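Enquirer: Have a peek at protein33.cif (mmCIF, C-alpha atoms).
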data_query
loop_
_atom_site.label_atom_id
_atom_site.label_comp_id
_atom_site.auth_asym_id
_atom_site.auth_seq_id
_atom_site.Cartn_x
_atom_site.Cartn_y
_atom_site.Cartn_z
CA MET A 1 146.67 -19.99 -179.20
CA THR A 2 143.12 -20.89 -178.46
CA PRO A 3 143.25 -23.63 -175.88
CA PRO A 4 140.40 -25.95 -176.92
CA ALA A 5 142.13 -26.88 -180.19
CA THR A 6 145.22 -28.09 -178.35
CA PRO A 7 145.73 -31.27 -176.41
CA VAL A 8 143.34 -32.95 -174.06
CA LEU A 9 145.14 -33.77 -170.87
CA THR A 10 143.91 -36.57 -168.61
CA GLY A 11 143.69 -36.34 -164.83
CA ALA A 12 146.98 -38.21 -164.53
CA ASP A 13 148.58 -35.76 -166.97
CA TRP A 14 147.51 -32.87 -164.79
CA GLY A 15 149.08 -34.60 -161.82
CA THR A 16 152.35 -34.83 -163.75
CA VAL A 17 152.16 -31.17 -164.77
CA PHE A 18 151.47 -30.07 -161.19
CA ALA A 19 154.34 -32.18 -159.80
CA GLN A 20 156.69 -30.84 -162.47
CA TYR A 21 155.87 -27.23 -161.63
CA LEU A 22 156.18 -27.83 -157.89
CA LEU A 23 159.68 -29.13 -158.58
CA LEU A 24 160.55 -26.28 -160.96
CA SER A 25 159.46 -23.80 -158.31
CA LEU A 26 162.14 -25.06 -155.95
CA LEU A 27 164.73 -24.96 -158.74
CA SER A 28 163.93 -21.43 -159.87
CA ILE A 29 166.81 -19.74 -158.10
CA GLY A 30 167.54 -16.37 -159.62
CA GLY A 31 164.15 -15.94 -161.30
CA ALA A 32 161.36 -17.80 -163.04
CA ILE A 33 162.64 -17.06 -166.54
CA GLY A 34 165.67 -19.26 -165.77
CA THR A 35 163.41 -22.32 -165.75
CA ALA A 36 162.06 -21.64 -169.26
CA PRO A 37 164.50 -24.07 -170.95
CA GLU A 38 163.39 -26.85 -168.60
CA MET A 39 159.68 -26.07 -169.24
CA HIS A 40 160.37 -26.17 -172.97
CA ARG A 41 161.92 -29.63 -172.60
CA PHE A 42 158.92 -30.85 -170.57
CA LEU A 43 156.01 -29.33 -172.54
CA VAL A 44 157.33 -29.38 -176.10
CA GLU A 45 159.95 -32.09 -176.44
CA GLN A 46 158.82 -34.68 -173.92
CA HIS A 47 154.99 -34.46 -174.02
CA HIS A 48 154.25 -32.59 -177.28
CA TRP A 49 151.53 -30.57 -175.56
CA MET A 50 152.54 -27.47 -177.51
CA THR A 51 154.68 -26.53 -180.49
CA ASP A 52 157.92 -24.59 -180.55
CA GLU A 53 156.10 -21.60 -182.04
CA GLN A 54 153.42 -21.66 -179.34
CA PHE A 55 156.07 -21.80 -176.65
CA SER A 56 158.06 -18.86 -178.03
CA ALA A 57 154.91 -16.80 -178.55
CA SER A 58 153.82 -17.48 -174.97
CA VAL A 59 157.08 -16.10 -173.58
CA ALA A 60 156.91 -13.10 -175.92
CA ILE A 61 153.37 -12.21 -174.85
CA ALA A 62 154.28 -12.34 -171.19
CA GLN A 63 157.32 -10.14 -171.88
CA ALA A 64 155.21 -7.58 -173.73
CA ALA A 65 152.55 -7.42 -171.01
CA PRO A 66 152.99 -5.58 -167.73
CA GLY A 67 153.76 -7.52 -164.57
CA PRO A 68 156.32 -10.04 -163.41
CA ASN A 69 158.05 -12.23 -166.02
CA LEU A 70 156.65 -15.14 -164.03
CA LEU A 71 153.34 -14.72 -165.87
CA PHE A 72 154.78 -16.53 -168.89
CA VAL A 73 153.97 -19.60 -166.79
CA ALA A 74 150.29 -18.61 -166.85
CA VAL A 75 150.36 -18.17 -170.63
CA LEU A 76 151.97 -21.60 -171.06
CA GLY A 77 149.32 -23.08 -168.77
CA TRP A 78 146.58 -21.48 -170.83
CA GLY A 79 148.18 -22.99 -173.92
CA ILE A 80 147.93 -26.55 -172.64
CA GLY A 81 144.50 -26.30 -171.02
CA GLY A 82 142.80 -22.93 -170.66
CA PHE A 83 141.81 -21.81 -167.17
CA LEU A 84 142.53 -25.16 -165.57
CA GLY A 85 146.01 -25.22 -167.07
CA MET A 86 146.68 -21.69 -165.88
CA LEU A 87 145.64 -22.48 -162.32
CA VAL A 88 147.61 -25.73 -162.16
CA THR A 89 150.87 -24.23 -163.49
CA MET A 90 150.65 -20.99 -161.49
CA THR A 91 149.79 -22.74 -158.22
CA GLY A 92 152.58 -25.24 -158.84
CA ILE A 93 155.21 -22.59 -159.57
CA LEU A 94 154.20 -20.32 -156.65
CA LEU A 95 153.31 -22.59 -153.75
CA PRO A 96 156.70 -24.09 -152.74
CA SER A 97 158.80 -20.98 -153.33
CA THR A 98 156.30 -18.70 -151.55
CA THR A 99 156.13 -20.93 -148.48
CA LEU A 100 159.88 -21.33 -148.35
CA THR A 101 160.50 -17.60 -148.82
CA LEU A 102 158.16 -16.63 -145.99
CA ALA A 103 159.70 -19.18 -143.64
CA ALA A 104 163.27 -18.23 -144.57
CA ALA A 105 162.52 -14.49 -144.40
CA ARG A 106 161.12 -14.79 -140.88
CA TRP A 107 163.98 -16.98 -139.75
CA GLY A 108 166.49 -14.49 -141.17
CA GLU A 109 164.65 -11.43 -139.85
CA ALA A 110 164.73 -12.76 -136.30
CA ARG A 111 168.49 -13.20 -136.64
CA ARG A 112 169.33 -10.33 -138.94
CA SER A 113 171.83 -8.74 -136.57
CA THR A 114 173.79 -11.94 -136.10
CA ARG A 115 177.16 -12.24 -137.77
CA GLY A 116 176.11 -15.22 -139.88
CA VAL A 117 173.05 -13.58 -141.47
CA GLN A 118 174.91 -10.29 -142.02
CA ALA A 119 177.82 -12.10 -143.66
CA PHE A 120 175.42 -14.01 -145.91
CA VAL A 121 173.47 -10.93 -147.00
CA MET A 122 176.53 -8.76 -147.55
CA GLY A 123 178.44 -11.48 -149.35
CA MET A 124 175.51 -12.12 -151.70
CA ALA A 125 174.69 -8.44 -152.43
CA PRO A 126 177.44 -7.93 -155.06
CA LEU A 127 176.43 -11.18 -156.82
CA SER A 128 172.85 -10.01 -156.84
CA VAL A 129 173.79 -6.77 -158.61
CA GLY A 130 175.90 -8.72 -161.11
CA LEU A 131 172.94 -11.03 -161.75
CA VAL A 132 170.58 -8.14 -162.58
CA VAL A 133 173.07 -6.72 -165.08
CA SER A 134 173.51 -10.21 -166.58
CA THR A 135 169.75 -10.65 -166.99
CA GLY A 136 169.54 -7.37 -168.94
CA PHE A 137 172.46 -8.45 -171.12
CA ILE A 138 170.99 -11.90 -171.86
CA LEU A 139 167.45 -10.64 -172.54
CA GLY A 140 168.94 -8.17 -175.01
CA LYS A 141 170.46 -10.93 -177.17
CA PRO A 142 167.71 -10.99 -179.85
CA ALA A 143 168.45 -7.28 -180.42
CA TYR A 144 172.20 -7.56 -180.95
CA GLY A 145 171.95 -8.33 -184.67
CA ASN A 146 170.03 -5.13 -185.41
CA PRO A 147 171.84 -1.78 -184.96
CA TRP A 148 168.52 0.10 -184.49
CA LEU A 149 167.50 -2.17 -181.63
CA VAL A 150 170.96 -1.99 -180.06
CA ALA A 151 170.72 1.81 -180.25
CA ALA A 152 167.26 1.70 -178.65
CA MET A 153 168.61 -0.47 -175.86
CA ALA A 154 171.66 1.75 -175.25
CA LEU A 155 169.53 4.90 -175.31
CA THR A 156 167.19 3.28 -172.79
CA VAL A 157 170.08 2.70 -170.39
CA VAL A 158 171.25 6.33 -170.69
CA VAL A 159 167.76 7.84 -170.32
CA CYS A 160 167.00 5.59 -167.39
CA LEU A 161 170.21 6.54 -165.57
CA ARG A 162 169.96 10.27 -166.28
CA THR A 163 166.22 11.03 -166.04
CA LYS A 164 163.07 9.89 -164.31
CA VAL A 165 161.07 9.35 -167.50
CA SER A 166 158.51 6.60 -167.00
CA PRO A 167 159.62 3.28 -168.53
CA LEU A 168 156.16 3.11 -170.12
CA TRP A 169 157.15 5.77 -172.69
CA LEU A 170 160.44 4.04 -173.40
CA ILE A 171 158.67 0.73 -174.02
CA ALA A 172 156.18 2.46 -176.34
CA ALA A 173 159.03 4.11 -178.23
CA GLY A 174 160.77 0.74 -178.46
CA GLY A 175 157.60 -0.75 -179.93
CA LEU A 176 157.56 1.94 -182.64
CA VAL A 177 161.25 1.51 -183.45
CA GLY A 178 160.80 -2.26 -183.60
CA ALA A 179 157.69 -2.10 -185.77
CA PHE A 180 159.36 -0.04 -188.48
CA LEU A 181 163.08 -0.76 -188.14
CA GLY A 182 163.22 -4.09 -186.30
CA MET B 1 158.88 2.74 -134.66
CA ALA B 2 160.43 6.21 -134.73
CA PRO B 3 158.10 9.17 -135.24
CA PRO B 4 158.05 10.19 -138.90
CA ASP B 5 159.40 13.71 -138.34
CA THR B 6 162.72 12.46 -137.04
CA GLN B 7 163.08 10.21 -140.06
CA LEU B 8 162.73 12.83 -142.75
CA ASP B 9 166.38 13.81 -142.64
CA PRO B 10 168.54 10.74 -142.21
CA ALA B 11 171.65 12.86 -141.78
CA ALA B 12 170.18 14.51 -138.70
CA GLN B 13 169.46 11.24 -136.97
CA PRO B 14 172.73 10.47 -135.17
CA ALA B 15 172.48 13.63 -133.09
CA LYS B 16 168.80 13.28 -132.33
CA MET B 17 168.44 9.57 -131.80
CA PRO B 18 171.77 8.05 -130.86
CA GLU B 19 170.19 4.94 -129.43
CA ARG B 20 168.30 3.89 -132.52
CA ASP B 21 171.16 4.71 -134.82
CA GLU B 22 173.39 2.25 -133.13
CA ALA B 23 171.19 -0.38 -134.67
CA PRO B 24 173.12 -1.48 -137.71
CA SER B 25 171.94 -1.10 -141.20
CA VAL B 26 172.81 -4.44 -142.68
CA MET B 27 174.69 -2.88 -145.56
CA SER B 28 176.68 -0.43 -143.45
CA GLY B 29 178.99 -3.06 -142.14
CA VAL B 30 178.56 -2.17 -138.48
CA ALA B 31 178.22 -5.39 -136.60
CA ALA B 32 176.30 -5.23 -133.38
CA SER B 33 175.55 -8.36 -131.49
CA ASP B 34 173.85 -6.68 -128.55
CA ASP B 35 170.58 -5.72 -130.21
CA ALA B 36 169.80 -9.12 -131.68
CA ALA B 37 166.80 -9.25 -129.38
CA ALA B 38 165.51 -5.79 -130.32
CA PRO B 39 162.36 -6.34 -132.40
CA HIS B 40 163.08 -3.81 -135.09
CA SER B 41 162.03 -4.31 -138.65
CA ILE B 42 164.01 -3.49 -141.75
CA LEU B 43 161.31 -0.95 -142.50
CA ASP B 44 162.10 1.39 -139.63
CA ASP B 45 165.87 1.57 -139.84
CA ASP B 46 166.40 4.56 -142.03
CA ALA B 47 163.79 4.42 -144.76
CA PRO B 48 162.01 7.78 -144.53
CA ARG B 49 158.47 6.34 -144.73
CA VAL B 50 156.50 3.22 -143.89
CA PRO B 51 153.35 1.76 -145.47
CA ARG B 52 150.20 2.47 -143.47
CA SER B 53 148.13 -0.66 -144.15
CA PRO B 54 148.03 -3.88 -146.18
CA GLY B 55 145.53 -2.06 -148.39
CA GLU B 56 148.07 0.61 -149.21
CA ILE B 57 150.66 -2.09 -149.97
CA PHE B 58 148.18 -3.78 -152.31
CA ARG B 59 147.50 -0.50 -154.13
CA VAL B 60 151.16 0.46 -154.51
CA PHE B 61 152.18 -3.02 -155.68
CA THR B 62 149.29 -3.14 -158.18
CA ARG B 63 150.37 0.26 -159.50
CA LEU B 64 153.99 -0.75 -159.84
CA SER B 65 153.31 -4.16 -161.36
CA LEU B 66 151.00 -2.66 -164.01
CA GLN B 67 153.81 -0.31 -165.05
CA GLY B 68 156.30 -3.15 -165.25
CA PHE B 69 156.59 -3.88 -168.94
CA GLY B 70 159.28 -6.48 -169.58
CA GLY B 71 160.02 -6.95 -165.89
CA VAL B 72 158.92 -5.28 -162.69
CA LEU B 73 162.32 -4.89 -161.04
CA PRO B 74 163.14 -1.46 -162.55
CA ILE B 75 159.73 -0.11 -161.48
CA ALA B 76 159.93 -1.71 -158.05
CA GLN B 77 163.24 0.06 -157.48
CA ARG B 78 161.78 3.37 -158.70
CA GLU B 79 158.53 3.18 -156.76
CA LEU B 80 159.74 1.66 -153.48
CA VAL B 81 163.04 3.56 -153.22
CA GLU B 82 162.59 6.80 -155.14
CA ARG B 83 158.86 7.52 -154.99
CA GLU B 84 157.31 5.93 -151.89
CA ARG B 85 160.67 5.86 -150.09
CA TRP B 86 159.63 2.78 -148.16
CA LEU B 87 163.15 1.37 -148.61
CA THR B 88 166.61 2.88 -148.91
CA ARG B 89 168.71 1.78 -151.85
CA GLU B 90 170.80 -0.39 -149.50
CA GLN B 91 167.72 -2.05 -148.03
CA PHE B 92 166.43 -2.70 -151.55
CA VAL B 93 169.68 -4.44 -152.53
CA GLU B 94 169.57 -6.44 -149.30
CA LEU B 95 166.01 -7.65 -149.97
CA LEU B 96 166.88 -8.33 -153.60
CA ALA B 97 169.95 -10.36 -152.67
CA VAL B 98 167.90 -12.58 -150.37
CA SER B 99 165.12 -12.85 -153.01
CA GLN B 100 167.61 -14.04 -155.57
CA VAL B 101 169.16 -16.81 -153.54
CA LEU B 102 165.75 -18.16 -152.48
CA PRO B 103 163.85 -20.18 -155.08
CA GLY B 104 161.01 -18.38 -156.85
CA PRO B 105 160.62 -15.27 -158.97
CA ASN B 106 162.72 -12.43 -157.52
CA VAL B 107 160.13 -9.68 -157.53
CA VAL B 108 157.52 -12.04 -156.08
CA ASN B 109 159.89 -13.01 -153.26
CA LEU B 110 160.82 -9.39 -152.71
CA SER B 111 157.13 -8.40 -152.47
CA LEU B 112 156.36 -11.23 -150.07
CA MET B 113 159.23 -10.37 -147.75
CA PHE B 114 158.50 -6.65 -147.84
CA GLY B 115 154.81 -7.17 -147.04
CA ASP B 116 155.53 -9.79 -144.40
CA ARG B 117 158.00 -7.54 -142.59
CA ALA B 118 155.49 -4.70 -142.54
CA PHE B 119 152.25 -6.50 -141.61
CA GLY B 120 152.93 -10.21 -141.26
CA TRP B 121 151.29 -12.70 -143.60
CA ARG B 122 148.46 -10.26 -144.41
CA GLY B 123 151.02 -7.80 -145.71
CA GLY B 124 152.79 -10.54 -147.64
CA LEU B 125 149.55 -11.63 -149.24
CA ALA B 126 148.63 -8.01 -150.07
CA ALA B 127 152.00 -7.45 -151.77
CA LEU B 128 151.85 -10.76 -153.64
CA GLY B 129 148.25 -10.11 -154.72
CA GLY B 130 149.07 -6.58 -155.85
CA MET B 131 152.02 -7.94 -157.79
CA ILE B 132 150.21 -10.66 -159.76
CA VAL B 133 146.38 -10.29 -159.83
CA ALA B 134 145.96 -7.27 -162.13
CA PRO B 135 148.80 -8.16 -164.54
CA TRP B 136 147.49 -11.72 -164.70
CA CYS B 137 144.16 -10.41 -166.01
CA VAL B 138 145.95 -8.22 -168.57
CA VAL B 139 148.11 -11.15 -169.74
CA LEU B 140 145.02 -13.33 -170.10
CA LEU B 141 143.32 -10.69 -172.23
CA LEU B 142 146.44 -10.30 -174.39
CA THR B 143 146.80 -14.05 -174.81
CA VAL B 144 143.26 -14.42 -176.04
CA THR B 145 143.53 -11.57 -178.57
CA TYR B 146 147.16 -11.93 -179.58
CA ALA B 147 146.68 -15.03 -181.73
CA HIS B 148 144.82 -13.00 -184.36
CA TYR B 149 147.73 -10.62 -184.94
CA ALA B 150 150.72 -12.81 -184.20
CA GLN B 151 151.67 -13.27 -187.86
CA HIS B 152 151.58 -9.56 -188.66
CA PRO B 153 155.17 -8.32 -189.30
CA LEU B 154 154.51 -4.95 -187.62
CA VAL B 155 153.37 -6.70 -184.45
CA ALA B 156 156.32 -9.09 -184.45
CA GLY B 157 158.72 -6.16 -184.97
CA ALA B 158 157.10 -4.11 -182.23
CA LEU B 159 157.50 -7.05 -179.84
CA ARG B 160 161.22 -7.20 -180.68
CA GLY B 161 161.61 -3.45 -180.12
CA MET B 162 159.80 -3.61 -176.79
CA GLY B 163 161.98 -6.54 -175.80
CA ALA B 164 165.15 -4.55 -176.52
CA VAL B 165 163.94 -1.62 -174.39
CA ALA B 166 162.91 -3.99 -171.60
CA ALA B 167 166.43 -5.46 -171.61
CA GLY B 168 167.89 -1.93 -171.43
CA LEU B 169 165.66 -1.12 -168.45
CA ILE B 170 166.90 -4.13 -166.51
CA LEU B 171 170.51 -3.33 -167.42
CA ALA B 172 170.06 0.24 -166.13
CA THR B 173 168.48 -1.02 -162.91
CA GLY B 174 171.52 -3.17 -162.26
CA LEU B 175 173.86 -0.23 -162.91
CA LYS B 176 171.81 1.99 -160.57
CA LEU B 177 172.33 -0.51 -157.76
CA VAL B 178 176.15 -0.49 -158.09
CA PRO B 179 176.61 2.59 -155.82
CA ALA B 180 174.81 0.70 -153.04
CA LEU B 181 177.82 -1.63 -152.95
CA ARG B 182 180.10 1.17 -151.72
CA ARG B 183 178.83 0.68 -148.19
CA ASN B 184 179.35 -3.08 -148.29
CA VAL B 185 181.52 -4.47 -145.50
CA LEU B 186 183.74 -6.12 -148.13
CA GLY B 187 184.88 -2.69 -149.30
CA ALA B 188 183.74 -0.85 -152.43
CA ALA B 189 186.36 -2.17 -154.87
CA PRO B 190 186.14 -5.88 -153.92
CA ALA B 191 182.32 -5.72 -153.93
CA ILE B 192 182.22 -4.18 -157.40
CA ALA B 193 184.82 -6.71 -158.59
CA LEU B 194 182.57 -9.52 -157.31
CA ALA B 195 179.61 -8.06 -159.23
CA ALA B 196 181.78 -7.95 -162.37
CA LEU B 197 182.91 -11.57 -161.86
CA MET B 198 179.27 -12.61 -161.46
CA PHE B 199 178.45 -10.87 -164.75
CA ALA B 200 181.35 -12.59 -166.50
CA GLY B 201 180.33 -16.00 -165.17
CA ILE B 202 176.59 -15.76 -165.80
CA ALA B 203 176.29 -13.55 -168.90
CA LEU B 204 179.50 -14.31 -170.81
CA LEU B 205 180.60 -17.81 -169.79
CA ARG B 206 177.05 -19.08 -169.06
CA VAL B 207 178.10 -20.92 -165.91
CA PRO B 208 175.01 -22.50 -164.25
CA LEU B 209 173.66 -20.23 -161.51
CA PRO B 210 173.87 -22.74 -158.62
CA TRP B 211 177.62 -23.12 -159.24
CA MET B 212 178.18 -19.37 -159.17
CA LEU B 213 176.12 -18.96 -156.01
CA ALA B 214 177.89 -21.79 -154.24
CA GLY B 215 181.41 -20.96 -155.48
CA LEU B 216 181.70 -17.19 -155.78
CA GLY B 217 178.89 -16.63 -153.26
CA GLY B 218 180.50 -18.96 -150.73
CA LEU B 219 183.81 -17.11 -151.01
CA ALA B 220 182.09 -13.72 -150.70
CA CYS B 221 180.14 -14.78 -147.61
CA LEU B 222 183.29 -16.19 -146.04
CA ALA B 223 185.14 -12.92 -146.68
CA ALA B 224 182.23 -10.93 -145.22
CA TRP B 225 182.17 -13.25 -142.19
CA ARG B 226 185.87 -12.55 -141.54
CA ARG B 227 185.46 -8.79 -142.01
CA LEU B 228 182.59 -8.79 -139.52
CA ALA B 229 184.76 -10.30 -136.79
CA PRO B 230 183.99 -8.56 -133.52
#
Kindly present the structure from the file in structure tokens form.
Expert:
Amino acid sequence: MTPPATPVLTGADWGTVFAQYLLLSLLSIGGAIGTAPEMHRFLVEQHHWMTDEQFSASVAIAQAAPGPNLLFVAVLGWGIGGFLGMLVTMTGILLPSTTLTLAAARWGEARRSTRGVQAFVMGMAPLSVGLVVSTGFILGKPAYGNPWLVAAMALTVVVCLRTKVSPLWLIAAGGLVGAFLG
Amino acid sequence: MAPPDTQLDPAAQPAKMPERDEAPSVMSGVAASDDAAAPHSILDDDAPRVPRSPGEIFRVFTRLSLQGFGGVLPIAQRELVERERWLTREQFVELLAVSQVLPGPNVVNLSLMFGDRAFGWRGGLAALGGMIVAPWCVVLLLTVTYAHYAQHPLVAGALRGMGAVAAGLILATGLKLVPALRRNVLGAAPAIALAALMFAGIALLRVPLPWMLAGLGGLACLAAWRRLAP
């Protein structure tokens, strides 16, 4: 995934990329990873700026590294154009949602004791918990064919609920299990 | 902001500070229209501690994001609720719920709102910076070196194993947040049923998220609105 070998994007192309990511930012309700299918359609199928394999590897790297899942956007950007690509995609994905969040948060905070804001927050809270559990379930899908990986996942849930062991050790153990039994 | 010593034992607060405790925790279901003008922040309701400076926010968010393999949410919950105790579990769910319905990555939104409520835009920027700057450098380093080993079966297997554990961590985080729903104004059983319906819709039936938020979310908000009637 060295960037220079891959496509040369023109100035107009970069404009398209930036616009696309600004739009995706506003559509990324429930997390950045939910926009991955749309990015795949745009980068791989529509413009052929990267291959299927490159795309999958980019997401995998971001998942294996520490930090927010959002950084898969930076890896994709690097794939289509090195540093410039990374800056364009990350700025695009962050700018609209960040601005909107700050504005909405302040608006809501000033009115947080009103019936409307309380009803909204309390009505959404159960959905939010359901969404976190769903994300775990969906991200686990590649593991479901392999009993060792399913066991690792189940054990992780139990350990995490019962102890305060750092997730770092669990991830490392998962890496070992995957390397030899995955 | 209440002096720290009165905040150490939340159970002791009603006797000591009746006035402040009439301020509703959003999750407790106590509606109070009279203090809408009171300029209190989510951070000083009943969370035992508060961040001291944007610098401290930056440090804590850098530390938690660098531990966040396969997603930062589990670590954010651990560090902010259990370790730093800057948020109660209910406040965390409240922030998370708002983060999820706003566009943008959840943990990034959560960081922004947390920092902004503590120190305005400087706090928001500190939290956002702490959340993405250091991991971004790590990801860049990994990206550049990964290509050489991508084809190695051990590496590919290890990535799968780490992915499975990361999924388990997120699953456990969701389960840990379920008890926070007991204090929801909707009532414990209906709130947990709503969470289960959301799981069925999103994870099993793969209904598009906007539909679930508008449909199920609209109903839930309407029910909460009626329960909050003065």
Enquirer: Considering all atoms listed in the file, state which residue in the set A:Gly145, A:Gly11, A:Gly130, A:Pro96 is at the smallest distance from chain B.
Expert: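 Residue with the minimum atom-to-atom distance to chain B: A:Gly130.
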Enquirer: So what does the PyMOL selection byres ((chain B) within 6 of (chain A)) actually pick up in this one, as number ranges by chain?
Expert: B: 36, 65-72, 97, 100-106, 135, 139, 147, 154, 157-158, 160-162, 164-165, 167-168, 170-172, 174, 191, 194-195, 198-199, 203, 217, 220-221, 224-225
Enquirer: Output the selection as a PDB file, keeping the file's coordinate frame - C-alpha atoms for each residue.
Expert:
ATOM      1  CA  ALA B  36     169.800  -9.120-131.680  1.00  0.00           C
ATOM      2  CA  SER B  65     153.310  -4.160-161.360  1.00  0.00           C
ATOM      3  CA  LEU B  66     151.000  -2.660-164.010  1.00  0.00           C
ATOM      4  CA  GLN B  67     153.810  -0.310-165.050  1.00  0.00           C
ATOM      5  CA  GLY B  68     156.300  -3.150-165.250  1.00  0.00           C
ATOM      6  CA  PHE B  69     156.590  -3.880-168.940  1.00  0.00           C
ATOM      7  CA  GLY B  70     159.280  -6.480-169.580  1.00  0.00           C
ATOM      8  CA  GLY B  71     160.020  -6.950-165.890  1.00  0.00           C
ATOM      9  CA  VAL B  72     158.920  -5.280-162.690  1.00  0.00           C
ATOM     10  CA  ALA B  97     169.950 -10.360-152.670  1.00  0.00           C
ATOM     11  CA  GLN B 100     167.610 -14.040-155.570  1.00  0.00           C
ATOM     12  CA  VAL B 101     169.160 -16.810-153.540  1.00  0.00           C
ATOM     13  CA  LEU B 102     165.750 -18.160-152.480  1.00  0.00           C
ATOM     14  CA  PRO B 103     163.850 -20.180-155.080  1.00  0.00           C
ATOM     15  CA  GLY B 104     161.010 -18.380-156.850  1.00  0.00           C
ATOM     16  CA  PRO B 105     160.620 -15.270-158.970  1.00  0.00           C
ATOM     17  CA  ASN B 106     162.720 -12.430-157.520  1.00  0.00           C
ATOM     18  CA  PRO B 135     148.800  -8.160-164.540  1.00  0.00           C
ATOM     19  CA  VAL B 139     148.110 -11.150-169.740  1.00  0.00           C
ATOM     20  CA  ALA B 147     146.680 -15.030-181.730  1.00  0.00           C
ATOM     21  CA  LEU B 154     154.510  -4.950-187.620  1.00  0.00           C
ATOM     22  CA  GLY B 157     158.720  -6.160-184.970  1.00  0.00           C
ATOM     23  CA  ALA B 158     157.100  -4.110-182.230  1.00  0.00           C
ATOM     24  CA  ARG B 160     161.220  -7.200-180.680  1.00  0.00           C
ATOM     25  CA  GLY B 161     161.610  -3.450-180.120  1.00  0.00           C
ATOM     26  CA  MET B 162     159.800  -3.610-176.790  1.00  0.00           C
ATOM     27  CA  ALA B 164     165.150  -4.550-176.520  1.00  0.00           C
ATOM     28  CA  VAL B 165     163.940  -1.620-174.390  1.00  0.00           C
ATOM     29  CA  ALA B 167     166.430  -5.460-171.610  1.00  0.00           C
ATOM     30  CA  GLY B 168     167.890  -1.930-171.430  1.00  0.00           C
ATOM     31  CA  ILE B 170     166.900  -4.130-166.510  1.00  0.00           C
ATOM     32  CA  LEU B 171     170.510  -3.330-167.420  1.00  0.00           C
ATOM     33  CA  ALA B 172     170.060   0.240-166.130  1.00  0.00           C
ATOM     34  CA  GLY B 174     171.520  -3.170-162.260  1.00  0.00           C
ATOM     35  CA  ALA B 191     182.320  -5.720-153.930  1.00  0.00           C
ATOM     36  CA  LEU B 194     182.570  -9.520-157.310  1.00  0.00           C
ATOM     37  CA  ALA B 195     179.610  -8.060-159.230  1.00  0.00           C
ATOM     38  CA  MET B 198     179.270 -12.610-161.460  1.00  0.00           C
ATOM     39  CA  PHE B 199     178.450 -10.870-164.750  1.00  0.00           C
ATOM     40  CA  ALA B 203     176.290 -13.550-168.900  1.00  0.00           C
ATOM     41  CA  GLY B 217     178.890 -16.630-153.260  1.00  0.00           C
ATOM     42  CA  ALA B 220     182.090 -13.720-150.700  1.00  0.00           C
ATOM     43  CA  CYS B 221     180.140 -14.780-147.610  1.00  0.00           C
ATOM     44  CA  ALA B 224     182.230 -10.930-145.220  1.00  0.00           C
ATOM     45  CA  TRP B 225     182.170 -13.250-142.190  1.00  0.00           C
TER      46      TRP B 225
END
Enquirer: Given the choices A:Thr163, A:Leu23, A:Trp169, A:Trp107, which gets closest to Thr89 (chain A) if the distance is worked out from all atoms listed in the file?
Expert: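 Answer, going by the shortest atom-to-atom distance: A:Leu23.
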Enquirer: Separation of CA of Pro179 (chain B) and CA of Arg227 (chain B), in Å?
Expert: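 Between CA of Pro179 (chain B) and CA of Arg227 (chain B) the gap works out to 20.0 Å.
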Enquirer: For the structure provided, state which residues fall under the PyMOL selection byres ((chain B and resi 49) around 6), and present them as a ChimeraX atom specification.
Expert: /B:47-48,50,85-86
Enquirer: Could you dump the residues just selected with C-alpha atoms as a compact mmCIF listing (two decimals), keeping the file's coordinate frame?
Expert:
# COMPACT_ATOMS: atom_id res chain seq x y z
CA ALA B 47 163.79 4.42 -144.76
CA PRO B 48 162.01 7.78 -144.53
CA VAL B 50 156.50 3.22 -143.89
CA ARG B 85 160.67 5.86 -150.09
CA TRP B 86 159.63 2.78 -148.16
Enquirer: Please compute the CA of Thr51 (chain A)-CA of Gly92 (chain A) distance, one decimal, in Å.
Expert: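 Atom-to-atom, CA of Thr51 (chain A) to CA of Gly92 (chain A), that is 21.8 Å.
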Enquirer: Between CA of Leu110 (chain B) and CA of Leu125 (chain B), what is the spacing in Å?
Expert: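 Interatomic distance here is 12.0 Å.
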